[in-house]
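Asks: mmCIF, C-alpha atoms and all ligand atoms, saved as data-v7.cif, coming up:
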data_input
loop_
_atom_site.label_atom_id
_atom_site.label_comp_id
_atom_site.auth_asym_id
_atom_site.auth_seq_id
_atom_site.Cartn_x
_atom_site.Cartn_y
_atom_site.Cartn_z
CA MET A 1386 30.91 19.07 1.42
CA THR A 1387 29.32 17.08 4.21
CA ILE A 1388 27.42 14.01 3.17
CA ALA A 1389 24.09 13.42 4.90
CA LEU A 1390 22.94 10.20 3.22
CA LYS A 1391 24.85 7.83 1.01
CA ALA A 1392 23.77 4.67 -0.77
CA GLU A 1393 26.33 2.44 -2.43
CA GLY A 1394 25.49 -0.38 -4.81
CA LEU A 1395 21.88 -0.28 -3.67
CA THR A 1396 20.00 -3.16 -5.26
CA LYS A 1397 16.52 -4.61 -4.78
CA GLU A 1398 15.28 -7.71 -6.46
CA PHE A 1399 11.71 -8.94 -6.27
CA ARG A 1400 11.79 -12.64 -7.11
CA GLY A 1401 14.54 -12.14 -9.63
CA PHE A 1402 13.15 -8.89 -11.06
CA VAL A 1403 15.68 -6.12 -10.45
CA ALA A 1404 13.68 -3.01 -9.46
CA VAL A 1405 16.71 -1.04 -8.23
CA ASN A 1406 20.06 -1.90 -9.75
CA ASN A 1407 23.39 -0.92 -8.21
CA VAL A 1408 22.40 2.65 -7.37
CA ASP A 1409 24.99 5.00 -5.87
CA LEU A 1410 23.39 8.06 -4.38
CA THR A 1411 24.94 10.85 -2.33
CA VAL A 1412 22.83 13.52 -0.68
CA GLU A 1413 24.76 16.51 0.54
CA GLU A 1414 23.85 18.03 3.87
CA GLY A 1415 21.67 21.15 3.70
CA THR A 1416 20.48 20.54 0.14
CA ILE A 1417 17.15 19.71 -1.46
CA HIS A 1418 17.74 16.62 -3.57
CA ALA A 1419 15.05 15.21 -5.87
CA LEU A 1420 14.65 11.69 -7.17
CA ILE A 1421 12.74 11.64 -10.45
CA GLY A 1422 12.08 9.29 -13.33
CA PRO A 1423 9.30 7.80 -15.44
CA ASN A 1424 6.76 5.36 -13.97
CA GLY A 1425 8.31 2.07 -12.95
CA ALA A 1426 11.80 3.64 -12.71
CA GLY A 1427 12.28 2.38 -9.16
CA LYS A 1428 11.79 5.65 -7.27
CA THR A 1429 9.37 4.28 -4.67
CA THR A 1430 11.46 1.16 -4.17
CA CYS A 1431 14.56 3.31 -3.73
CA PHE A 1432 12.72 5.52 -1.27
CA ASN A 1433 11.52 2.50 0.69
CA LEU A 1434 15.06 1.14 0.80
CA LEU A 1435 16.51 4.42 2.05
CA THR A 1436 13.86 4.70 4.77
CA LYS A 1437 14.31 1.02 5.60
CA PHE A 1438 10.72 0.06 4.79
CA LEU A 1439 12.35 -2.46 2.48
CA GLN A 1440 15.55 -4.40 3.05
CA PRO A 1441 18.03 -4.14 0.16
CA THR A 1442 19.11 -7.30 -1.62
CA ARG A 1443 22.60 -5.79 -1.87
CA GLY A 1444 24.30 -2.53 -1.05
CA THR A 1445 24.86 -0.28 1.91
CA ILE A 1446 23.27 2.88 3.24
CA THR A 1447 25.05 5.29 5.54
CA TYR A 1448 23.54 8.27 7.27
CA GLN A 1449 25.95 10.84 8.69
CA GLY A 1450 28.73 8.31 8.31
CA ARG A 1451 26.86 5.61 10.21
CA ASP A 1452 25.86 2.33 8.59
CA ILE A 1453 22.06 2.13 8.75
CA THR A 1454 21.65 -0.74 6.27
CA ARG A 1455 20.34 -3.11 8.92
CA MET A 1456 18.50 -0.58 11.08
CA LYS A 1457 14.73 -0.32 11.55
CA PRO A 1458 12.75 2.79 10.46
CA ALA A 1459 12.02 3.79 14.09
CA ASP A 1460 15.72 3.62 14.97
CA ILE A 1461 16.85 5.73 12.03
CA ALA A 1462 14.09 8.24 12.87
CA ARG A 1463 15.75 8.58 16.26
CA LEU A 1464 18.97 9.50 14.46
CA GLY A 1465 17.09 12.34 12.76
CA LEU A 1466 16.30 10.73 9.40
CA VAL A 1467 12.53 10.96 9.13
CA ARG A 1468 10.09 10.04 6.41
CA SER A 1469 7.08 12.25 6.01
CA PHE A 1470 3.61 12.01 4.48
CA GLN A 1471 3.00 8.32 4.12
CA ILE A 1472 3.54 7.34 7.73
CA SER A 1473 2.94 10.54 9.61
CA ALA A 1474 -0.51 9.84 10.94
CA VAL A 1475 -2.73 12.84 11.34
CA PHE A 1476 -5.74 12.14 13.54
CA PRO A 1477 -8.78 13.72 11.82
CA ASP A 1478 -10.82 14.16 14.99
CA LEU A 1479 -8.06 15.94 16.89
CA SER A 1480 -7.34 19.62 16.47
CA VAL A 1481 -4.21 20.92 14.77
CA LEU A 1482 -2.72 21.71 18.20
CA GLN A 1483 -3.62 18.30 19.61
CA ASN A 1484 -2.09 16.53 16.62
CA VAL A 1485 1.26 18.24 17.02
CA ARG A 1486 1.22 17.68 20.79
CA VAL A 1487 0.67 13.97 20.18
CA ALA A 1488 3.61 13.95 17.77
CA LEU A 1489 5.77 15.63 20.42
CA GLN A 1490 4.65 13.10 22.99
CA ARG A 1491 5.52 10.24 20.65
CA GLN A 1492 8.92 11.84 20.06
CA ARG A 1493 9.52 11.43 23.82
CA GLY A 1494 8.68 7.76 23.43
CA GLU A 1495 5.44 8.04 25.43
CA SER A 1496 2.37 6.18 24.28
CA TYR A 1497 -0.77 8.14 23.61
CA ASP A 1498 -4.09 7.84 25.37
CA PHE A 1499 -6.37 10.73 24.46
CA TRP A 1500 -8.51 10.88 27.61
CA ARG A 1501 -5.81 10.26 30.15
CA SER A 1502 -3.14 12.24 28.34
CA GLU A 1503 -5.05 15.39 27.45
CA LYS A 1504 -4.03 17.35 30.57
CA SER A 1505 -0.46 16.17 30.61
CA LEU A 1506 -0.13 17.20 26.96
CA ASN A 1507 -0.47 20.87 27.91
CA ARG A 1508 3.22 20.93 28.66
CA PHE A 1509 3.86 20.55 24.93
CA ASP A 1510 1.78 23.62 24.02
CA ASP A 1511 4.63 26.06 23.47
CA ALA A 1512 6.70 23.68 21.37
CA ALA A 1513 3.62 22.60 19.40
CA ARG A 1514 2.63 26.19 18.67
CA ALA A 1515 6.16 26.94 17.46
CA HIS A 1516 5.94 24.09 14.90
CA ILE A 1517 2.44 25.18 13.89
CA ASP A 1518 3.73 28.73 13.37
CA GLU A 1519 6.64 27.41 11.34
CA VAL A 1520 4.28 25.80 8.82
CA GLY A 1521 1.92 28.78 8.71
CA LEU A 1522 -1.05 27.13 10.42
CA SER A 1523 -1.46 29.50 13.40
CA GLU A 1524 -4.92 30.60 12.36
CA PHE A 1525 -6.03 26.93 12.20
CA VAL A 1526 -4.66 25.90 15.57
CA ASP A 1527 -8.05 24.88 17.01
CA HIS A 1528 -9.51 23.46 13.79
CA ARG A 1529 -10.16 19.75 13.53
CA ALA A 1530 -7.48 18.21 11.33
CA GLY A 1531 -10.14 16.40 9.30
CA GLU A 1532 -11.73 19.70 8.31
CA LEU A 1533 -8.56 21.26 6.94
CA PRO A 1534 -8.25 21.81 3.20
CA TYR A 1535 -5.92 19.26 1.58
CA GLY A 1536 -2.86 21.52 1.29
CA ARG A 1537 -3.21 22.61 4.92
CA LYS A 1538 -3.46 18.99 6.01
CA ARG A 1539 -0.14 18.36 4.33
CA ALA A 1540 1.31 21.37 6.16
CA LEU A 1541 0.04 19.81 9.40
CA GLU A 1542 1.79 16.56 8.48
CA ILE A 1543 4.98 18.55 8.07
CA ALA A 1544 4.44 20.20 11.48
CA ALA A 1545 3.92 16.76 13.06
CA THR A 1546 7.07 15.55 11.31
CA LEU A 1547 9.06 18.56 12.54
CA ALA A 1548 8.00 17.58 16.06
CA LEU A 1549 10.20 14.49 15.59
CA ASP A 1550 13.16 16.90 15.35
CA PRO A 1551 14.43 15.65 11.98
CA LYS A 1552 17.80 16.61 10.57
CA MET A 1553 16.88 15.06 7.26
CA LEU A 1554 13.41 14.66 5.76
CA LEU A 1555 12.38 12.22 3.09
CA LEU A 1556 9.27 13.39 1.28
CA ASP A 1557 7.27 11.08 -0.94
CA GLU A 1558 5.52 13.12 -3.62
CA PRO A 1559 4.80 16.12 -1.41
CA MET A 1560 2.75 17.84 -4.14
CA ALA A 1561 0.56 14.90 -5.18
CA GLY A 1562 -3.06 15.91 -5.68
CA MET A 1563 -2.52 19.59 -4.92
CA THR A 1564 -3.91 22.73 -6.49
CA GLN A 1565 -1.38 25.26 -7.82
CA GLU A 1566 -2.04 27.46 -4.80
CA ASP A 1567 -1.18 24.57 -2.46
CA VAL A 1568 1.87 23.69 -4.55
CA ASP A 1569 3.16 27.26 -4.14
CA ARG A 1570 2.48 27.23 -0.42
CA ILE A 1571 4.09 23.83 0.23
CA SER A 1572 7.05 24.76 -2.01
CA ALA A 1573 7.69 27.83 0.13
CA LEU A 1574 7.32 25.70 3.24
CA ILE A 1575 9.77 23.06 1.98
CA ARG A 1576 12.29 25.77 1.14
CA GLN A 1577 11.93 27.21 4.62
CA VAL A 1578 12.20 23.81 6.33
CA ALA A 1579 15.30 23.13 4.22
CA GLN A 1580 17.12 26.15 5.60
CA SER A 1581 18.20 24.08 8.57
CA ARG A 1582 17.65 20.54 7.27
CA THR A 1583 18.45 18.21 4.39
CA ILE A 1584 15.63 17.06 2.12
CA LEU A 1585 15.33 14.16 -0.30
CA MET A 1586 12.07 14.01 -2.20
CA VAL A 1587 10.42 11.90 -4.84
CA GLU A 1588 8.32 14.25 -6.93
CA HIS A 1589 6.48 13.98 -10.25
CA ASN A 1590 5.84 17.67 -10.76
CA LEU A 1591 8.86 18.75 -12.81
CA SER A 1592 8.30 22.47 -12.34
CA VAL A 1593 8.42 21.88 -8.58
CA VAL A 1594 11.60 19.86 -9.01
CA ALA A 1595 13.12 22.60 -11.19
CA ASN A 1596 12.11 25.24 -8.70
CA LEU A 1597 13.20 23.59 -5.47
CA SER A 1598 16.02 21.16 -6.09
CA ASP A 1599 19.72 21.82 -5.70
CA ARG A 1600 20.45 18.43 -7.18
CA ILE A 1601 18.43 15.87 -9.10
CA THR A 1602 18.97 12.16 -9.65
CA VAL A 1603 17.12 10.66 -12.61
CA LEU A 1604 16.27 6.97 -12.42
CA ALA A 1605 15.05 4.77 -15.25
CA ARG A 1606 14.61 1.00 -15.21
CA GLY A 1607 16.17 0.86 -11.77
CA GLU A 1608 19.38 2.62 -12.73
CA ILE A 1609 20.74 6.14 -12.51
CA LEU A 1610 20.46 7.85 -15.89
CA ALA A 1611 21.72 11.29 -14.99
CA GLU A 1612 22.52 13.54 -12.09
CA GLY A 1613 23.00 17.27 -11.72
CA ASN A 1614 21.02 20.47 -11.41
CA TYR A 1615 17.84 20.94 -13.44
CA ALA A 1616 19.57 22.74 -16.33
CA GLN A 1617 22.04 19.87 -16.64
CA ILE A 1618 19.65 16.94 -16.43
CA SER A 1619 16.94 18.50 -18.60
CA LYS A 1620 19.43 18.77 -21.49
CA ALA A 1621 20.73 15.20 -21.20
CA PRO A 1622 19.55 13.24 -24.28
CA GLU A 1623 19.13 10.01 -22.30
CA VAL A 1624 16.81 11.80 -19.86
CA ILE A 1625 14.70 13.28 -22.65
CA GLU A 1626 14.49 9.87 -24.29
CA ALA A 1627 13.50 8.13 -21.05
CA TYR A 1628 10.68 10.59 -20.43
CA ILE A 1629 9.42 10.58 -23.99
CA GLY A 1630 9.76 6.82 -24.23
CA ALA A 1631 7.92 6.27 -20.95
P1 LIG A 1701 8.35 4.14 -9.50
O1 LIG A 1701 8.11 4.56 -8.09
O2 LIG A 1701 9.53 4.84 -10.12
O3 LIG A 1701 7.14 4.24 -10.36
P2 LIG A 1701 8.59 1.48 -8.36
O4 LIG A 1701 9.74 1.54 -7.42
O5 LIG A 1701 7.22 1.55 -7.77
O6 LIG A 1701 8.78 2.59 -9.50
O7 LIG A 1701 8.67 0.14 -9.19
C1 LIG A 1701 9.82 -0.25 -9.94
C2 LIG A 1701 9.56 -1.61 -10.55
O8 LIG A 1701 9.56 -2.59 -9.52
C3 LIG A 1701 8.24 -1.72 -11.26
O9 LIG A 1701 8.42 -2.49 -12.44
C4 LIG A 1701 7.36 -2.45 -10.28
O10 LIG A 1701 6.38 -3.21 -10.92
C5 LIG A 1701 8.36 -3.33 -9.53
N1 LIG A 1701 7.96 -3.58 -8.14
C6 LIG A 1701 7.82 -2.65 -7.16
N2 LIG A 1701 7.46 -3.23 -6.00
C7 LIG A 1701 7.36 -4.56 -6.25
C8 LIG A 1701 7.03 -5.72 -5.44
N3 LIG A 1701 6.73 -5.61 -4.14
N4 LIG A 1701 7.05 -6.92 -6.05
C9 LIG A 1701 7.38 -7.06 -7.35
N5 LIG A 1701 7.70 -6.03 -8.16
C10 LIG A 1701 7.70 -4.79 -7.62
#
Starting from the file, give its structure as structure tokens.
Ligand code: ADP
Replies:
Amino acid sequence: MTIALKAEGLTKEFRGFVAVNNVDLTVEEGTIHALIGPNGAGKTTCFNLLTKFLQPTRGTITYQGRDITRMKPADIARLGLVRSFQISAVFPDLSVLQNVRVALQRQRGESYDFWRSEKSLNRFDDAARAHIDEVGLSEFVDHRAGELPYGRKRALEIAATLALDPKMLLLDEPMAGMTQEDVDRISALIRQVAQSRTILMVEHNLSVVANLSDRITVLARGEILAEGNYAQISKAPEVIEAYIGA
């Protein structure tokens, strides 16, 4: 097994309150790994630590064997570890194609100026269309991003994220606020994206977690309660108690 991401002794204290306590987490390359747990379990804090939006109080994080504990989010994104949804800005007034071209331009480290850049962005057309195809948005290529239905907007965010050429994606509640039809569509998309990438996601929807995840880590009160596949963790008495007691 090749390890993509590993956290050891990960701890975050907020003025003495321990939100994440000594968490050891190993995400295997090529898998879909879910982080679940009742409200207040520490999932978001953990996610922010792993993506370096928060600095851990203690512990280390390695990505592909490299210590990233002290690295900035932009630097780890360059290594291929990319967080989606919350930071991937989609510009509502730009078309689907323009949005992905901008993401490709940013990936090259160029700054974006809509009026001056528009012509020079044409060189990204082929690559942008390939990402748009990959997420099933070909028929929306010229639509304004702001006019897309919610689930399609999320697919566009994934296309823009794929433009950053990630090897590992961290998804924060990818199904939040979605209709069942969108959930099915984004689930299929995540599975497809995962064929050549590693995914770690925080997700509340347990049927999505059951359906998609190879491995699940259950957090409660900042600590790991259980780990395994869905069949294993859903039978663990401490997991049942944590969810019922939440
Ligand atoms: P989850 O995402 O599982 O619902 P969180 O990671 O958001 O859990 O929160 C875990 C605990 O840490 C909660 O009790 C929350 O109130 C606390 N917490 C989170 N962020 C902060 C912060 N910036 N300052 C103080 N306490 C925080």
Asks: Which is closest to ligand LIG 1701 (chain A) among A:Leu1482, A:Met1560, A:Ile1453, A:Ala1426, if we use all atoms listed in the file?
Replies: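 Going through A:Leu1482, A:Met1560, A:Ile1453, A:Ala1426 one by one, the smallest distance to ligand LIG 1701 (chain A) is for A:Ala1426.
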Asks: Could you give me, as a list in words, the residues within 10 Å of Val1412 (chain A), counting only C-alpha atoms and dropping anything in the same chain fewer than 6 positions from it?
Replies: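 In the requested form, the answer reads Thr1387, Ile1388, Ala1389, Leu1390, Lys1391, Ala1392, His1418, Ala1419, Tyr1448, Thr1583, Ile1584, Leu1585, Arg1600, Ile1601 and Thr1602 of chain A.
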Asks: Let me make sure I understand: among A:Leu1554, A:Ala1621, A:Leu1434, A:Met1563, which one has the smallest atom-to-atom distance to Thr1416 (chain A) if we use all atoms listed in the file?
Replies: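 Nearest candidate to Thr1416 (chain A) out of A:Leu1554, A:Ala1621, A:Leu1434, A:Met1563: A:Leu1554.
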Asks: Could you state the separation of CA of Thr1442 (chain A) and CA of Thr1430 (chain A) in Å, given to one decimal place?
Replies: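 About the pair CA of Thr1442 (chain A) and CA of Thr1430 (chain A): they are 11.7 Å apart.
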Asks: Restricting the calculation to only C-alpha atoms: of A:Leu1591, A:Val1467, A:Ala1616, A:Ala1404, which residue gets closest to Asp1550 (chain A)?
Replies: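 The closest residue to Asp1550 (chain A) is A:Val1467.
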Asks: Write as a PyMOL selection string the residues around ligand LIG 1701 (chain A), taking 9 Å as the cut-off and counting all atoms listed in the file.
Replies: chain A and resi 1397-1400+1402-1405+1421-1433+1587+1604-1607
Asks: Hey, what's within 9 Å of Leu1574 (chain A) if we count only C-alpha atoms and toss same-chain stuff fewer than 2 positions away? As a compact mmCIF listing (two decimals) with C-alpha atoms, in the frame of the given file, please?
Replies:
# COMPACT_ATOMS: atom_id res chain seq x y z
CA GLU A 1519 6.64 27.41 11.34
CA VAL A 1520 4.28 25.80 8.82
CA GLY A 1521 1.92 28.78 8.71
CA ALA A 1540 1.31 21.37 6.16
CA ILE A 1543 4.98 18.55 8.07
CA ASP A 1569 3.16 27.26 -4.14
CA ARG A 1570 2.48 27.23 -0.42
CA ILE A 1571 4.09 23.83 0.23
CA SER A 1572 7.05 24.76 -2.01
CA ARG A 1576 12.29 25.77 1.14
CA GLN A 1577 11.93 27.21 4.62
CA VAL A 1578 12.20 23.81 6.33
CA ALA A 1579 15.30 23.13 4.22
Asks: Go ahead and compute the interatomic distance for CA of Glu1626 (chain A) and CA of Leu1435 (chain A), in Å to one decimal.
Replies: 27.0 Å
Asks: In terms of the shortest atom-to-atom distance over all atoms listed in the file, which of A:Val1481, A:Ile1609, A:Ile1461, A:Leu1555 is closest to His1528 (chain A)?
Replies: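 Residue with the minimum atom-to-atom distance to His1528 (chain A): A:Val1481.
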Asks: Report, in Å with one decimal, the straight-line distance from CA of Asn1407 (chain A) to CA of Pro1551 (chain A).
Replies: 27.6 Å
Asks: Excluding Ile1618 (chain A) and any residue of its chain fewer than 6 positions from it, enumerate the residues within 9 Å of it, using all atoms listed in the file, and give them as a PyMOL selection string.
Replies: chain A and resi 1601-1603+1611-1612+1624-1625
Asks: So which one's closest to Asn1590 (chain A), A:Gln1449, A:Thr1396, A:Gln1565, A:Asn1614? Using all atoms listed in the file, please.
Replies: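 Looking at the shortest contact to Asn1590 (chain A), the residue is A:Gln1565.
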Asks: Given the choices A:Val1593, A:Val1475, A:Leu1522, A:Ala1488, which gets closest to Glu1542 (chain A) if the distance is worked out from only C-alpha atoms?
Replies: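 Using only C-alpha atoms, Glu1542 (chain A) sits closest to A:Val1475.
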Asks: Env of Glu1558 (chain A): 8 Å cut, atoms = all atoms listed in the file, seq-sep filter 4 positions within chain, self excluded. Answer as a tab-separated table (two decimals) with C-alpha atoms, in the frame of the given file.
Replies:
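So result_25.tsv came out as:
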chain	number	residue	atom	x	y	z
A	1586	MET	CA	12.07	14.01	-2.20
A	1587	VAL	CA	10.42	11.90	-4.84
A	1588	GLU	CA	8.32	14.25	-6.93
A	1589	HIS	CA	6.48	13.98	-10.25
Asks: Padding of 5 Å on every side, edges along x, y and z, all listed atoms of region 1547-1551 of chain A included: what centre and edge lengths in Å, to one decimal, does that box have, as AutoDock Vina command-line options?
Replies:
--center_x 11.2 --center_y 16.5 --center_z 14.0 --size_x 16.4 --size_y 14.1 --size_z 14.1
